Every structure is written in C-alpha cells, then in structure tokens.
Amino acid sequence: MSPNQEIDYQHPTKKDQVRFFVFALFLVFTICAGYFLGFPRYYLGWFSFAIASFSVAGNDAVQTIGTFIESKKSVHWLQKILVFGGLLFLVHLFAWFLHGGEIHFHRLDSIPETKEFNLLQLLAPVLLVVITRLRAPVSTTFLVLGLFGGRSIDQMLTKSFFGYGLAFLVAIVVWAILVKVDPHEYHEVHTPDPVTERRWSQLQWLSTMYLWVAWLLQDTANIAVFLPRQLGLIEFLTAVFILIVALLIIIRTNGGTIQRVVSEKSDIQWAKAATIVDLVYGSLLFFFQYISNVPMSTTWAFLGLLAGREIILNVITYKDLPYLDTFRKVGKDVVLATIGILVSILVFFLSYFLYPEQRANTPLEFWNSPTQEDSL
C-alpha cells in the first residue's frame, strides 16, 4: 500500500475480519481463564473496563462524534484527540473532585457495587465489540448496565422506542423548515462556498463538544461500572488514560465499520449539515436525560433523527424517486438496531436465569411493578 493510500476502515477485508474475530476469541479465552482461575475481582474489573472503554465508546461513536468524523476527515487526528481527549479529561476531573472520587455522575447510585463479577458481566464488553463490528447499533446502557441491575425491560424498550419516534418527528419538522427557509441548498446538488464552510466548521467544533459532554455525562457509567466506585488519584489517571487511548483508536479508524450508518446519509459531509444534526441531537439527549431516570437506547434516538431527516429531505426535494433507496437505508438501520437490542434482551435474561442470586441485590419493583419515578 502506498503511503498516500488511506485505509478503508468502514469496509474491512476478509483478512482483517479474520484477525478481528481471532483477537475477540483471545479476549474471551483470557477473561474465562482469569475468571475460572480465581483472579481477584479488582484486576478482572480493570481488564473488562479497558475493553468496555473501546466497545462502549466505539458503538456510541456513531451518535456522538460520527458526524464530526464524517465531515472532518481532512483534519489531522492529533487535533481531534487533543480537543476531545482534553475535554474528556476535564469533565471526568471535575466529577472526580466534585463527587469524592466517583466518575459515573451519579448514574450508578441505584446500582449496588458487585462483590464479585459474573462471567456474563465480564464478557459483555467483548460481545459489544463484536456487535459493533457487525455494524449493529445497540443500547450499551441496556447491554452492560442491565447485567448489573437496573429498571424493568419493558420500560427501557418503551422509552427507547418513544425516543426513536420523537426524534423522527423532530427531524421531520426541523428539516422541513430548513428546506423552506433555504430551498436552493437542499433542492440542488449543493457545494458550499469555502467561506461559508469555514464559518460553519468553527461552529461544528462547538456543537460536537456540546454533544460529547452530554454523552459523557450519561454513558460513562456504562464503562465505569467495572471499576471501584471511589478512585484514588493513580486509579483516576489510569482510567482516563485508557479512555483517551480508546478514543484515539476510534478517531484513527474514522469510527470503524459502524460509521457507515452516518456516511450513507445525505450531505452529512458538510459542516453545516453536521453541526445542525449535532445541535438537534444533543438537545434531544439532554431532554431524554431529564424527563425520567429510566435507561434508554440513545442510539435508537439518533437513528430516528437520521431517518426522519433522510426521509423528509428526499420527499420534499423529490430526490431518489420512488424513494426506494432512502427507505432501504432507513430500514437497514432499524433492522440492525433491532438485532442489537434483541441480543441485549437475550443476554439480559440469560444472566437473570444463570445468576438468580443477583435478584436479591435489586429493588423488588425492578422485577415486579414499575414505580411512579420510572414513568415517562
């Protein structure tokens, strides 16, 4: 391969796929060996934390920095890691100081710290890596935190589907208005002028940082659940270093195979389009965080946003008649996300029946009726 030839991480070769799955099997073997040989809980947790740092952030990268990656391929990776890695450090440093060594932003307050990990909990990050490689967006909150205790499955699913529907409708309204305001930009093959693109490019840095912080506040808990709740200084620095390394890998691989969910969407490579997507989705993410404490698949909300945007742009501008290609793209995203959530449910119930002793560590209403607090 020539020095100037860029590696296509979104379309790995068969040899690359074989290497990946061999490495995944190696991780499974290592975790199983450590578990059955009785390695201390502390070290097993750190090992799974390292895997989860990449798998959780990698699966959710499509909804956080995915649009940024797509529209900023010309920006050097070092600049990206300095900005987003630095922001990651500052946000967690603030949490560590403010919350007495905790970095989960109170998202784990209702989940008791496990005295010993079970095998499914330790293997969940590896499973998530495989699912991400197969380009199936999955709720990392549901797959990972669900194995440690949480809310009822029906409420998680209800809020996730509600999130998809609301994001879908919001996207239709927002982009229908944008098309009416500036029809020239959307009705024709549009290439923005360099001055306008530079202006929106600066705004996009801010919008992506806004979205990145919203994600960290909500989903860092999905990774930190493997660590002690209170971290010492060395532990904190080690954890943040691992998170930044995982972020570096994601940025260097341009989001990996799952990035195709964003790449296939209309004009998302331009800074203006990506900025508006990030601002709308970031605002939705904060809204969903505060309407209830029920965990949800934020990935489903993001896919709903992209689906609504893609459909309304093609319908209003009469592109892609008779819209078969548009509905194929949207339907494919839904199918892959459904596969991901079905796998999550399967693993959740498998853990429930294999480790019944964990039910005693969870409030009774988790297995029975919902509480008023859980209602949407």
# chains A, B, ... in the order shown; residues from 1 in each chain; ligands from 1
>>> residues_around(residues="segment 116-120 of chain A", least_positions_apart="5", cutoff="8 Å", atoms="only C-alpha atoms", output="PyMOL selection string")
chain A and resi 32+35+41+45+147+347+351+355
>>> atom_distance(atom1="atom CA of Phe168 of chain A", atom2="atom CA of Ile311 of chain A")
9.5 Å
>>> atom_distance(atom1="atom CA of Thr140 of chain A", atom2="atom CA of Ser53 of chain A")
11.3 Å
>>> atom_distance(atom1="atom CA of Gln218 of chain A", atom2="atom CA of Thr275 of chain A")
20.9 Å
>>> select_by_dssp(residues="segment 15-248 of chain A", states="helix (DSSP H, G or I)", output="ChimeraX atom specification")
/A:15-36,41-64,66-71,77-98,119-133,140-145,153-181,183-187,194-219,221-224,233-248
>>> closest_residue(among="A:Leu143, A:Leu217, A:Leu44, A:Val22", to="Val343 of chain A", atoms="only C-alpha atoms")
A:Leu143
>>> closest_atom_pairs(of="segment 147-244 of chain A", to="segment 67-86 of chain A", cutoff="10 Å", atoms="only C-alpha atoms", output="CSV")
residue,atom,partner,partner_atom,distance
A:Ser201,CA,A:Lys72,CA,8.6
A:Gln204,CA,A:Phe68,CA,7.5
A:Trp205,CA,A:Phe68,CA,8.0
A:Ser207,CA,A:Phe68,CA,9.4
A:Thr208,CA,A:Phe68,CA,6.8
A:Met209,CA,A:Phe84,CA,7.2
A:Trp212,CA,A:Phe84,CA,7.8
A:Val213,CA,A:Phe84,CA,9.3
A:Val240,CA,A:Gly85,CA,9.0
A:Phe241,CA,A:Gly85,CA,9.2
A:Leu243,CA,A:Gly85,CA,8.4
A:Ile244,CA,A:Gly85,CA,5.5
>>> write_last_selection(atoms="N, CA, C and O atoms", output="PDB file, in the first residue's frame")
ATOM      1  N   SER A 201     -17.734  25.342  10.007  1.00  0.00           N
ATOM      2  CA  SER A 201     -16.767  24.398  10.561  1.00  0.00           C
ATOM      3  C   SER A 201     -16.366  24.776  11.977  1.00  0.00           C
ATOM      4  O   SER A 201     -16.184  23.911  12.852  1.00  0.00           O
ATOM      5  N   GLN A 204     -19.155  23.860  14.215  1.00  0.00           N
ATOM      6  CA  GLN A 204     -19.276  22.421  14.391  1.00  0.00           C
ATOM      7  C   GLN A 204     -18.399  21.906  15.522  1.00  0.00           C
ATOM      8  O   GLN A 204     -18.769  20.960  16.228  1.00  0.00           O
ATOM      9  N   TRP A 205     -17.218  22.503  15.704  1.00  0.00           N
ATOM     10  CA  TRP A 205     -16.391  22.105  16.834  1.00  0.00           C
ATOM     11  C   TRP A 205     -17.163  22.285  18.140  1.00  0.00           C
ATOM     12  O   TRP A 205     -17.148  21.408  19.011  1.00  0.00           O
ATOM     13  N   SER A 207     -20.521  22.498  18.559  1.00  0.00           N
ATOM     14  CA  SER A 207     -21.691  21.621  18.645  1.00  0.00           C
ATOM     15  C   SER A 207     -21.291  20.188  18.988  1.00  0.00           C
ATOM     16  O   SER A 207     -21.990  19.514  19.752  1.00  0.00           O
ATOM     17  N   THR A 208     -20.164  19.728  18.448  1.00  0.00           N
ATOM     18  CA  THR A 208     -19.712  18.368  18.749  1.00  0.00           C
ATOM     19  C   THR A 208     -19.214  18.263  20.183  1.00  0.00           C
ATOM     20  O   THR A 208     -19.428  17.248  20.856  1.00  0.00           O
ATOM     21  N   MET A 209     -18.563  19.303  20.674  1.00  0.00           N
ATOM     22  CA  MET A 209     -18.136  19.312  22.066  1.00  0.00           C
ATOM     23  C   MET A 209     -19.351  19.290  23.000  1.00  0.00           C
ATOM     24  O   MET A 209     -19.347  18.602  24.029  1.00  0.00           O
ATOM     25  N   TRP A 212     -20.636  15.776  22.880  1.00  0.00           N
ATOM     26  CA  TRP A 212     -19.675  14.884  23.525  1.00  0.00           C
ATOM     27  C   TRP A 212     -19.826  14.940  25.050  1.00  0.00           C
ATOM     28  O   TRP A 212     -19.816  13.907  25.721  1.00  0.00           O
ATOM     29  N   VAL A 213     -20.002  16.147  25.602  1.00  0.00           N
ATOM     30  CA  VAL A 213     -20.195  16.287  27.048  1.00  0.00           C
ATOM     31  C   VAL A 213     -21.503  15.620  27.476  1.00  0.00           C
ATOM     32  O   VAL A 213     -21.554  14.923  28.502  1.00  0.00           O
ATOM     33  N   VAL A 240      -8.651   7.408  33.001  1.00  0.00           N
ATOM     34  CA  VAL A 240      -8.783   8.433  31.962  1.00  0.00           C
ATOM     35  C   VAL A 240      -7.819   8.156  30.812  1.00  0.00           C
ATOM     36  O   VAL A 240      -8.168   8.351  29.633  1.00  0.00           O
ATOM     37  N   PHE A 241      -6.618   7.687  31.128  1.00  0.00           N
ATOM     38  CA  PHE A 241      -5.646   7.349  30.084  1.00  0.00           C
ATOM     39  C   PHE A 241      -6.197   6.249  29.176  1.00  0.00           C
ATOM     40  O   PHE A 241      -6.092   6.333  27.944  1.00  0.00           O
ATOM     41  N   LEU A 243      -9.361   5.524  28.646  1.00  0.00           N
ATOM     42  CA  LEU A 243     -10.460   6.111  27.872  1.00  0.00           C
ATOM     43  C   LEU A 243      -9.943   6.922  26.689  1.00  0.00           C
ATOM     44  O   LEU A 243     -10.490   6.860  25.579  1.00  0.00           O
ATOM     45  N   ILE A 244      -8.874   7.681  26.913  1.00  0.00           N
ATOM     46  CA  ILE A 244      -8.314   8.506  25.835  1.00  0.00           C
ATOM     47  C   ILE A 244      -7.678   7.627  24.761  1.00  0.00           C
ATOM     48  O   ILE A 244      -7.791   7.912  23.558  1.00  0.00           O
TER      49      ILE A 244
END
>>> closest_residue(among="A:Ala221, A:Ile339, A:Ile276, A:Leu285", to="Leu108 of chain A", atoms="only C-alpha atoms")
A:Ala221
>>> closest_residue(among="A:Lys180, A:Arg133, A:Lys159, A:Arg19", to="Ser55 of chain A", atoms="only C-alpha atoms")
A:Arg133
>>> closest_residue(among="A:Phe105, A:Ser110, A:Leu248, A:Gly146", to="Phe349 of chain A", atoms="only C-alpha atoms")
A:Gly146
>>> closest_residue(among="A:Tyr164, A:Phe94, A:Phe49, A:Phe288", to="Val225 of chain A", atoms="only C-alpha atoms")
A:Phe49
